[in-house]
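Some notes on the structure that comes next.
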Amino acid sequence: MDRRSLLGAFSCATLTSPFAFARSTEPGVTDNEILLGQSAVLSGPLSPGAITAQRGAQLLFDEANEQGGVAGRKLRILALDDALDPAKAVDNYRVLAQQHQVLACFLGVGAGTTLAGAPVLREAGVPLVGATAVVDSVRDKTQGVAYYTRASQLRECESLVHHLNTLGLRDIAIATLGTPGGQEVAAQLSSVLGKVDLKPQGVVLVAPDGSNAGDAGRQLAAQKPQAVVLFVTGAPAAGLIQACRQAGCAPAFYGMSILSGEVTMRMLGAKAAGLAVVQVTPYPWDGASAEAVRYRGAAEKAGVPVGYHSYEGYLAARVLVEALQRIGRELTRARLHASLRSLKLRVGSVDFDFGSGQHTGSRFVELVYVRPDGRFTR
């Protein structure tokens, strides 16, 4: 435990002694509390998005707790840092499932960490809800354990390619993470492009930490594409876009949802104008959505940044709380699995449906643009 960052109740509470659960008939449940667990990247340059999503989820948990919790029990989450390391994730999930005996896990991050931790969760019967940045092949391998609240990567690819084809853009390049997951998404994009008689000009691999973003941008510039599809995170995207433009090429840039537009905007400023991002979470600033209005009010009151990351965490927590509430007083891991498998729920403009054995509950995608003032517009 000395090499992990341990945050009880999102760093807001001390750890509960394992003996506090002695009276419970089910792990993670006492007369007064439901304990949830999280293993995610909570430190280092890749952590801001995960931490912001975590804070968004806490808004919903706080709201539920203020209304009496779930069947009279308050929700608390115990978060461990895995630094996006699969080996650490395995250790974390083992500690959460066996030592602290959480009822469920929530908001994991990354394909490698999710795949590595799934056997531990499967053996213990612990559901994992709302994991992000998980490619479709890993989703398939974790079926029965994990319940994903964002649309699949294939769904993103199809939506984006349809948009590019509608605009008549033909010269398209792909910049993707140089990881197995990144290459999987590049293959999905190429396949979907092929269905409209398009073939990518080339695929440029980008290091997850963005260390070769400059070289990648110059490689893209040499291809002279009309549009570039980005399956990279926010900081590498900023370096790549800047290098490409400095090399004299100014294509339209389209990011998949893994790209944090907020981070890219912060790094590029007005130079980020025109960047489009496929979002798998509804527009957080929607004035016509009662759910979005309630979320923004809670976020502003708590000092949580309003944006896609925190709203995604908020909505994922909404799904989990709804599944818990439908069970009633007798909470068990098995009953939570059953509740999730039958869950159909509309939240704002998103339909969540895990029926018929679906591991991915949402098909929602939406393209937004970055305006010159740094704000998003649909």
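We label chains A, B, ... in the order they appear in the structure tokens, count residues from 1 in each chain, and number ligands from 1 in the order shown.
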**Report entry** Contacts of A:Asp82 at 10 Å (only C-alpha atoms; same-chain gap of 6+ positions) as a PyMOL selection string
**Finding:** chain A and resi 3-5+38-43+88-93+108-109+113
For the selection you just gave me, I'd like the residues written to a file as a PDB file, in the first residue's frame, keeping N, CA and C atoms.
```pdb
ATOM      1  N   ARG A   3       2.971   2.296  -2.105  1.00  0.00           N
ATOM      2  CA  ARG A   3       3.217   2.897  -3.404  1.00  0.00           C
ATOM      3  C   ARG A   3       1.924   3.323  -4.086  1.00  0.00           C
ATOM      4  N   ARG A   4       0.849   3.384  -3.342  1.00  0.00           N
ATOM      5  CA  ARG A   4      -0.418   3.819  -3.917  1.00  0.00           C
ATOM      6  C   ARG A   4      -0.886   5.095  -3.230  1.00  0.00           C
ATOM      7  N   SER A   5      -1.569   5.901  -3.995  1.00  0.00           N
ATOM      8  CA  SER A   5      -2.257   7.046  -3.399  1.00  0.00           C
ATOM      9  C   SER A   5      -3.641   6.586  -3.013  1.00  0.00           C
ATOM     10  N   GLN A  38     -12.615   2.444  -6.635  1.00  0.00           N
ATOM     11  CA  GLN A  38     -12.126   2.956  -7.913  1.00  0.00           C
ATOM     12  C   GLN A  38     -10.631   2.722  -8.029  1.00  0.00           C
ATOM     13  N   SER A  39     -10.193   2.236  -9.190  1.00  0.00           N
ATOM     14  CA  SER A  39      -8.776   2.214  -9.539  1.00  0.00           C
ATOM     15  C   SER A  39      -8.638   3.002 -10.828  1.00  0.00           C
ATOM     16  N   ALA A  40      -7.853   4.081 -10.799  1.00  0.00           N
ATOM     17  CA  ALA A  40      -7.744   4.962 -11.963  1.00  0.00           C
ATOM     18  C   ALA A  40      -6.420   5.700 -11.923  1.00  0.00           C
ATOM     19  N   VAL A  41      -6.103   6.379 -13.025  1.00  0.00           N
ATOM     20  CA  VAL A  41      -4.878   7.172 -13.092  1.00  0.00           C
ATOM     21  C   VAL A  41      -5.153   8.505 -12.386  1.00  0.00           C
ATOM     22  N   LEU A  42      -4.688   8.611 -11.147  1.00  0.00           N
ATOM     23  CA  LEU A  42      -4.972   9.769 -10.309  1.00  0.00           C
ATOM     24  C   LEU A  42      -3.730  10.604 -10.025  1.00  0.00           C
ATOM     25  N   SER A  43      -2.658  10.322 -10.755  1.00  0.00           N
ATOM     26  CA  SER A  43      -1.434  11.120 -10.617  1.00  0.00           C
ATOM     27  C   SER A  43      -0.762  11.202 -11.977  1.00  0.00           C
ATOM     28  N   LYS A  88      -0.411  -2.481 -11.370  1.00  0.00           N
ATOM     29  CA  LYS A  88      -0.932  -1.770 -10.198  1.00  0.00           C
ATOM     30  C   LYS A  88      -2.453  -1.879 -10.136  1.00  0.00           C
ATOM     31  N   ALA A  89      -3.083  -1.865 -11.301  1.00  0.00           N
ATOM     32  CA  ALA A  89      -4.540  -1.983 -11.321  1.00  0.00           C
ATOM     33  C   ALA A  89      -4.980  -3.327 -10.749  1.00  0.00           C
ATOM     34  N   VAL A  90      -4.269  -4.398 -11.097  1.00  0.00           N
ATOM     35  CA  VAL A  90      -4.588  -5.718 -10.547  1.00  0.00           C
ATOM     36  C   VAL A  90      -4.485  -5.695  -9.027  1.00  0.00           C
ATOM     37  N   ASP A  91      -3.387  -5.136  -8.521  1.00  0.00           N
ATOM     38  CA  ASP A  91      -3.209  -5.032  -7.065  1.00  0.00           C
ATOM     39  C   ASP A  91      -4.349  -4.223  -6.437  1.00  0.00           C
ATOM     40  N   ASN A  92      -4.680  -3.096  -7.079  1.00  0.00           N
ATOM     41  CA  ASN A  92      -5.727  -2.226  -6.534  1.00  0.00           C
ATOM     42  C   ASN A  92      -7.076  -2.936  -6.476  1.00  0.00           C
ATOM     43  N   TYR A  93      -7.434  -3.594  -7.575  1.00  0.00           N
ATOM     44  CA  TYR A  93      -8.738  -4.269  -7.604  1.00  0.00           C
ATOM     45  C   TYR A  93      -8.777  -5.425  -6.598  1.00  0.00           C
ATOM     46  N   GLY A 108     -13.162   3.255 -13.766  1.00  0.00           N
ATOM     47  CA  GLY A 108     -11.795   2.894 -14.122  1.00  0.00           C
ATOM     48  C   GLY A 108     -11.389   3.616 -15.390  1.00  0.00           C
ATOM     49  N   VAL A 109     -10.103   3.641 -15.665  1.00  0.00           N
ATOM     50  CA  VAL A 109      -9.598   4.343 -16.846  1.00  0.00           C
ATOM     51  C   VAL A 109      -8.586   3.457 -17.569  1.00  0.00           C
ATOM     52  N   THR A 113      -5.514  -1.471 -18.129  1.00  0.00           N
ATOM     53  CA  THR A 113      -5.800  -1.630 -16.704  1.00  0.00           C
ATOM     54  C   THR A 113      -7.133  -2.354 -16.489  1.00  0.00           C
TER      55      THR A 113
END
```
Query - 10 Å contact set for stretch 250-254 of chain A, only C-alpha atoms, chain neighbours under 4 positions out, as number ranges by chain - result: A: 160, 164, 169, 171-174, 220-221, 224-231, 237, 241-242, 244-246, 259, 272-278, 367-369
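Excluding A:Val263 itself and same-chain residues fewer than 6 positions from it, the residues having an atom within 9 Å of it are Pro48, Gly49, Thr233, Gly234, Ala235 and Ala238 of chain A, counting only C-alpha atoms.
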Residues from last step as file, C-alpha atoms, as a JSON list (two decimals), in the first residue's frame:
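What landed in selection05.json:
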```json
[["chain", "number", "residue", "atom", "x", "y", "z"],
["A", 48, "PRO", "CA", -6.58, 15.54, -14.87],
["A", 49, "GLY", "CA", -9.43, 14.05, -16.89],
["A", 233, "THR", "CA", -5.31, 12.71, -25.65],
["A", 234, "GLY", "CA", -5.45, 16.47, -25.24],
["A", 235, "ALA", "CA", -1.80, 17.40, -24.62],
["A", 238, "ALA", "CA", -1.98, 20.21, -28.98]]
```
Per residue of stretch 290-343 of chain A within 10 Å of stretch 119-125 of chain A, what are the shortest atom pair and its distance in Å to one decimal, counting only C-alpha atoms, with rows by chain and residue number, as JSON lines?
```
{"residue": "A:Thr332", "atom": "CA", "partner": "A:Gly125", "partner_atom": "CA", "distance": 9.7}
{"residue": "A:Arg333", "atom": "CA", "partner": "A:Gly125", "partner_atom": "CA", "distance": 6.3}
{"residue": "A:Ala334", "atom": "CA", "partner": "A:Gly125", "partner_atom": "CA", "distance": 6.8}
{"residue": "A:Leu336", "atom": "CA", "partner": "A:Gly125", "partner_atom": "CA", "distance": 9.8}
{"residue": "A:His337", "atom": "CA", "partner": "A:Gly125", "partner_atom": "CA", "distance": 8.4}
```
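Atom pair atom CA of A:Cys157 / atom CA of A:Thr176: separated by 12.8 Å.
Compared by their closest atoms to A:Gln358, and using only C-alpha atoms, the residues A:Ala302, A:Met265, A:Ala151, A:Ala288 rank with A:Ala151 nearest.
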Query - Test item: residues at most 10 Å from A:Thr52, only C-alpha atoms, excluding those fewer than 5 positions along its chain, as a VMD selection string - result: chain A and resid 42 47 57 to 58 304 to 313
Selected residues, C-alpha atoms, written as a short mmCIF file (atom, residue, chain, number, x, y, z; two decimals), in the first residue's frame, please.
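Final output, saved to part21.cif:
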```cif
data_model
loop_
_atom_site.label_atom_id
_atom_site.label_comp_id
_atom_site.auth_asym_id
_atom_site.auth_seq_id
_atom_site.Cartn_x
_atom_site.Cartn_y
_atom_site.Cartn_z
CA LEU A 42 -4.97 9.77 -10.31
CA SER A 47 -4.65 12.23 -14.48
CA ALA A 57 -19.38 11.67 -9.91
CA GLN A 58 -19.02 12.90 -6.34
CA VAL A 304 -16.09 21.64 -9.90
CA PRO A 305 -15.22 22.68 -13.48
CA VAL A 306 -18.25 22.47 -15.76
CA GLY A 307 -17.30 20.41 -18.81
CA TYR A 308 -17.45 17.06 -20.52
CA HIS A 309 -15.23 15.19 -18.05
CA SER A 310 -17.15 16.11 -14.93
CA TYR A 311 -20.52 15.68 -16.64
CA GLU A 312 -19.53 12.20 -17.82
CA GLY A 313 -18.65 11.24 -14.24
#
```
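Checking A:Gly56, A:Glu156, A:Val129, A:Val192 one by one against A:Pro284, counting only C-alpha atoms, you find the shortest gap at A:Gly56.
Compared by their closest atoms to A:Ala118, and using only C-alpha atoms, the residues A:Ala50, A:Ala323, A:Val145, A:Leu103 rank with A:Val145 nearest.
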Query raised in the report: Using only C-alpha atoms, which of A:Ala243, A:Leu36, A:Ala83, A:Val196 sits nearest A:Asn165?
Result: A:Val196
Query - Spatial neighbours of A:Leu345, 12 Å, only C-alpha atoms, chain gap at least 2 places, as an MDAnalysis selection string - result: chainID A and resid 149 315:316 318:323 326 339:343 347:355 361:362
With N, CA, C and O atoms retained, write the just-selected residues as a JSON list (two decimals), in the first residue's frame.
```json
[["chain", "number", "residue", "atom", "x", "y", "z"],
["A", 149, "THR", "N", -20.73, 3.17, -19.94],
["A", 149, "THR", "CA", -21.74, 4.21, -20.06],
["A", 149, "THR", "C", -21.43, 5.21, -21.17],
["A", 149, "THR", "O", -22.11, 6.23, -21.28],
["A", 315, "LEU", "N", -23.01, 11.59, -14.92],
["A", 315, "LEU", "CA", -24.00, 10.72, -15.55],
["A", 315, "LEU", "C", -23.72, 9.25, -15.26],
["A", 315, "LEU", "O", -24.65, 8.45, -15.07],
["A", 316, "ALA", "N", -22.45, 8.87, -15.25],
["A", 316, "ALA", "CA", -22.11, 7.48, -14.91],
["A", 316, "ALA", "C", -22.55, 7.16, -13.49],
["A", 316, "ALA", "O", -23.06, 6.06, -13.20],
["A", 318, "ARG", "N", -24.99, 8.58, -11.97],
["A", 318, "ARG", "CA", -26.46, 8.53, -12.04],
["A", 318, "ARG", "C", -26.93, 7.13, -12.41],
["A", 318, "ARG", "O", -27.89, 6.60, -11.84],
["A", 319, "VAL", "N", -26.25, 6.50, -13.38],
["A", 319, "VAL", "CA", -26.60, 5.14, -13.81],
["A", 319, "VAL", "C", -26.40, 4.17, -12.65],
["A", 319, "VAL", "O", -27.26, 3.32, -12.37],
["A", 320, "LEU", "N", -25.27, 4.27, -11.96],
["A", 320, "LEU", "CA", -24.98, 3.37, -10.86],
["A", 320, "LEU", "C", -26.00, 3.52, -9.72],
["A", 320, "LEU", "O", -26.51, 2.53, -9.18],
["A", 321, "VAL", "N", -26.29, 4.76, -9.36],
["A", 321, "VAL", "CA", -27.25, 5.00, -8.28],
["A", 321, "VAL", "C", -28.63, 4.48, -8.65],
["A", 321, "VAL", "O", -29.34, 3.89, -7.82],
["A", 322, "GLU", "N", -29.04, 4.68, -9.90],
["A", 322, "GLU", "CA", -30.34, 4.18, -10.33],
["A", 322, "GLU", "C", -30.39, 2.65, -10.23],
["A", 322, "GLU", "O", -31.40, 2.09, -9.77],
["A", 323, "ALA", "N", -29.31, 1.98, -10.64],
["A", 323, "ALA", "CA", -29.28, 0.52, -10.54],
["A", 323, "ALA", "C", -29.35, 0.06, -9.09],
["A", 323, "ALA", "O", -30.03, -0.92, -8.77],
["A", 326, "ARG", "N", -32.99, 0.52, -7.62],
["A", 326, "ARG", "CA", -33.99, -0.44, -8.11],
["A", 326, "ARG", "C", -33.92, -1.78, -7.38],
["A", 326, "ARG", "O", -34.84, -2.59, -7.50],
["A", 339, "SER", "N", -29.50, -6.04, -11.70],
["A", 339, "SER", "CA", -30.14, -4.74, -11.90],
["A", 339, "SER", "C", -29.52, -4.01, -13.09],
["A", 339, "SER", "O", -30.23, -3.42, -13.91],
["A", 340, "LEU", "N", -28.20, -4.06, -13.21],
["A", 340, "LEU", "CA", -27.53, -3.41, -14.33],
["A", 340, "LEU", "C", -27.88, -4.08, -15.64],
["A", 340, "LEU", "O", -28.10, -3.40, -16.66],
["A", 341, "ARG", "N", -27.95, -5.40, -15.66],
["A", 341, "ARG", "CA", -28.24, -6.12, -16.91],
["A", 341, "ARG", "C", -29.63, -5.81, -17.44],
["A", 341, "ARG", "O", -29.87, -5.93, -18.65],
["A", 342, "SER", "N", -30.54, -5.41, -16.57],
["A", 342, "SER", "CA", -31.90, -5.11, -17.01],
["A", 342, "SER", "C", -32.18, -3.61, -17.09],
["A", 342, "SER", "O", -33.31, -3.19, -17.40],
["A", 343, "LEU", "N", -31.16, -2.79, -16.86],
["A", 343, "LEU", "CA", -31.38, -1.35, -16.72],
["A", 343, "LEU", "C", -31.65, -0.68, -18.07],
["A", 343, "LEU", "O", -30.89, -0.82, -19.03],
["A", 347, "VAL", "N", -31.56, 9.63, -19.37],
["A", 347, "VAL", "CA", -31.04, 10.73, -18.56],
["A", 347, "VAL", "C", -30.72, 11.88, -19.49],
["A", 347, "VAL", "O", -29.81, 11.77, -20.33],
["A", 348, "GLY", "N", -31.46, 12.97, -19.38],
["A", 348, "GLY", "CA", -31.25, 14.07, -20.30],
["A", 348, "GLY", "C", -31.55, 13.61, -21.72],
["A", 348, "GLY", "O", -32.64, 13.13, -22.02],
["A", 349, "SER", "N", -30.55, 13.69, -22.59],
["A", 349, "SER", "CA", -30.73, 13.26, -23.98],
["A", 349, "SER", "C", -30.07, 11.92, -24.27],
["A", 349, "SER", "O", -29.88, 11.56, -25.43],
["A", 350, "VAL", "N", -29.72, 11.18, -23.23],
["A", 350, "VAL", "CA", -29.04, 9.90, -23.42],
["A", 350, "VAL", "C", -29.92, 8.75, -22.97],
["A", 350, "VAL", "O", -30.49, 8.78, -21.87],
["A", 351, "ASP", "N", -30.03, 7.73, -23.81],
["A", 351, "ASP", "CA", -30.69, 6.49, -23.44],
["A", 351, "ASP", "C", -29.63, 5.47, -23.04],
["A", 351, "ASP", "O", -28.76, 5.14, -23.85],
["A", 352, "PHE", "N", -29.72, 4.98, -21.82],
["A", 352, "PHE", "CA", -28.84, 3.92, -21.36],
["A", 352, "PHE", "C", -29.64, 2.62, -21.36],
["A", 352, "PHE", "O", -30.73, 2.55, -20.78],
["A", 353, "ASP", "N", -29.11, 1.60, -22.00],
["A", 353, "ASP", "CA", -29.81, 0.34, -22.13],
["A", 353, "ASP", "C", -28.80, -0.80, -22.12],
["A", 353, "ASP", "O", -28.02, -0.95, -23.07],
["A", 354, "PHE", "N", -28.79, -1.58, -21.04],
["A", 354, "PHE", "CA", -27.89, -2.73, -20.94],
["A", 354, "PHE", "C", -28.64, -4.04, -21.15],
["A", 354, "PHE", "O", -28.11, -5.11, -20.86],
["A", 355, "GLY", "N", -29.85, -3.95, -21.66],
["A", 355, "GLY", "CA", -30.64, -5.16, -21.89],
["A", 355, "GLY", "C", -30.05, -6.03, -22.98],
["A", 355, "GLY", "O", -29.17, -5.61, -23.74],
["A", 361, "GLY", "N", -23.95, 0.57, -22.77],
["A", 361, "GLY", "CA", -25.32, 0.99, -22.59],
["A", 361, "GLY", "C", -25.75, 2.22, -23.37],
["A", 361, "GLY", "O", -26.92, 2.54, -23.41],
["A", 362, "SER", "N", -24.80, 2.93, -24.00],
["A", 362, "SER", "CA", -25.13, 4.17, -24.69],
["A", 362, "SER", "C", -24.64, 4.15, -26.13],
["A", 362, "SER", "O", -23.58, 3.60, -26.43]]
```
Long-range neighbours of stretch 135-138 of chain A as a compact mmCIF listing (two decimals) with N, CA and C atoms, in the first residue's frame, 12 Å cut-off, only C-alpha atoms, 3 positions minimum in chain:
```
# COMPACT_ATOMS: atom_id res chain seq x y z
N VAL A 109 -10.10 3.64 -15.67
CA VAL A 109 -9.60 4.34 -16.85
C VAL A 109 -8.59 3.46 -17.57
N GLY A 110 -8.77 3.28 -18.86
CA GLY A 110 -7.77 2.61 -19.69
C GLY A 110 -8.10 1.18 -20.04
N ALA A 111 -7.76 0.80 -21.27
CA ALA A 111 -8.02 -0.57 -21.75
C ALA A 111 -7.14 -1.59 -21.04
N GLY A 112 -5.84 -1.29 -20.94
CA GLY A 112 -4.92 -2.25 -20.34
C GLY A 112 -5.21 -2.52 -18.88
N THR A 113 -5.51 -1.47 -18.13
CA THR A 113 -5.80 -1.63 -16.70
C THR A 113 -7.13 -2.35 -16.49
N THR A 114 -8.11 -2.05 -17.33
CA THR A 114 -9.43 -2.70 -17.20
C THR A 114 -9.33 -4.19 -17.53
N LEU A 115 -8.61 -4.51 -18.60
CA LEU A 115 -8.46 -5.91 -19.00
C LEU A 115 -7.69 -6.69 -17.94
N ALA A 116 -6.67 -6.08 -17.38
CA ALA A 116 -5.86 -6.76 -16.37
C ALA A 116 -6.65 -7.00 -15.09
N GLY A 117 -7.48 -6.04 -14.71
CA GLY A 117 -8.21 -6.16 -13.45
C GLY A 117 -9.48 -6.98 -13.54
N ALA A 118 -9.97 -7.22 -14.75
CA ALA A 118 -11.25 -7.90 -14.92
C ALA A 118 -11.30 -9.29 -14.28
N ALA A 131 -16.30 2.59 -16.76
CA ALA A 131 -14.89 2.70 -17.14
C ALA A 131 -14.76 3.45 -18.47
N THR A 132 -13.71 4.25 -18.60
CA THR A 132 -13.52 5.08 -19.80
C THR A 132 -12.23 4.71 -20.52
N LYS A 141 -14.11 -8.56 -24.09
CA LYS A 141 -13.45 -9.51 -23.18
C LYS A 141 -13.87 -9.33 -21.73
N THR A 142 -14.43 -8.18 -21.41
CA THR A 142 -14.84 -7.93 -20.02
C THR A 142 -16.37 -8.00 -19.86
N GLN A 143 -17.04 -8.53 -20.86
CA GLN A 143 -18.49 -8.67 -20.76
C GLN A 143 -18.86 -9.54 -19.56
N VAL A 145 -18.65 -8.44 -16.57
CA VAL A 145 -17.99 -7.77 -15.44
C VAL A 145 -18.24 -6.26 -15.51
N ALA A 146 -18.01 -5.70 -16.70
CA ALA A 146 -18.03 -4.25 -16.86
C ALA A 146 -19.27 -3.77 -17.62
N TYR A 147 -19.73 -2.58 -17.24
CA TYR A 147 -20.89 -1.94 -17.85
C TYR A 147 -20.44 -0.54 -18.27
N TYR A 148 -20.41 -0.30 -19.58
CA TYR A 148 -19.83 0.93 -20.11
C TYR A 148 -20.93 1.95 -20.40
N ARG A 150 -20.40 4.95 -21.97
CA ARG A 150 -20.12 5.79 -23.14
C ARG A 150 -20.18 4.91 -24.38
N ALA A 151 -20.51 5.54 -25.51
CA ALA A 151 -20.66 4.80 -26.76
C ALA A 151 -19.36 4.11 -27.15
N SER A 152 -19.47 3.08 -27.97
CA SER A 152 -18.30 2.33 -28.41
C SER A 152 -17.44 3.15 -29.35
N GLN A 153 -16.18 2.73 -29.50
CA GLN A 153 -15.29 3.40 -30.44
C GLN A 153 -15.80 3.24 -31.88
N LEU A 154 -16.36 2.08 -32.19
CA LEU A 154 -16.89 1.87 -33.54
C LEU A 154 -18.02 2.85 -33.83
N ARG A 155 -18.86 3.08 -32.86
CA ARG A 155 -19.95 4.06 -33.02
C ARG A 155 -19.38 5.44 -33.29
N GLU A 156 -18.31 5.82 -32.58
CA GLU A 156 -17.65 7.10 -32.84
C GLU A 156 -17.10 7.16 -34.26
N CYS A 157 -16.43 6.10 -34.67
CA CYS A 157 -15.85 6.05 -36.02
C CYS A 157 -16.91 6.24 -37.08
N THR A 179 -0.27 2.45 -29.39
CA THR A 179 -0.56 1.37 -28.45
C THR A 179 -1.44 0.36 -29.18
N PRO A 180 -1.58 -0.86 -28.63
CA PRO A 180 -2.50 -1.81 -29.27
C PRO A 180 -3.91 -1.25 -29.44
N GLY A 181 -4.39 -0.52 -28.42
CA GLY A 181 -5.71 0.07 -28.52
C GLY A 181 -5.78 1.12 -29.61
N GLY A 182 -4.74 1.95 -29.71
CA GLY A 182 -4.71 2.96 -30.75
C GLY A 182 -4.70 2.36 -32.14
N GLN A 183 -3.95 1.29 -32.31
CA GLN A 183 -3.91 0.64 -33.61
C GLN A 183 -5.24 -0.05 -33.93
N GLU A 184 -5.92 -0.54 -32.90
CA GLU A 184 -7.25 -1.12 -33.12
C GLU A 184 -8.22 -0.08 -33.64
N VAL A 185 -8.20 1.12 -33.04
CA VAL A 185 -9.10 2.18 -33.48
C VAL A 185 -8.74 2.63 -34.89
N ALA A 186 -7.45 2.71 -35.20
CA ALA A 186 -7.04 3.07 -36.57
C ALA A 186 -7.57 2.07 -37.58
N ALA A 187 -7.55 0.79 -37.22
CA ALA A 187 -8.09 -0.25 -38.11
C ALA A 187 -9.60 -0.09 -38.27
N GLN A 188 -10.29 0.25 -37.17
CA GLN A 188 -11.74 0.48 -37.26
C GLN A 188 -12.04 1.67 -38.17
N PHE A 231 -6.90 10.14 -32.64
CA PHE A 231 -7.21 9.29 -31.49
C PHE A 231 -6.03 9.41 -30.53
N SER A 257 -13.39 11.01 -28.84
CA SER A 257 -13.74 11.46 -27.49
C SER A 257 -12.61 11.34 -26.49
N ILE A 258 -11.59 10.52 -26.80
CA ILE A 258 -10.44 10.41 -25.90
C ILE A 258 -9.70 11.75 -25.79
N HIS A 359 -22.90 -4.89 -23.18
CA HIS A 359 -21.95 -4.34 -22.22
C HIS A 359 -21.82 -2.83 -22.35
N THR A 360 -22.26 -2.27 -23.48
CA THR A 360 -22.21 -0.83 -23.70
C THR A 360 -23.64 -0.30 -23.71
```
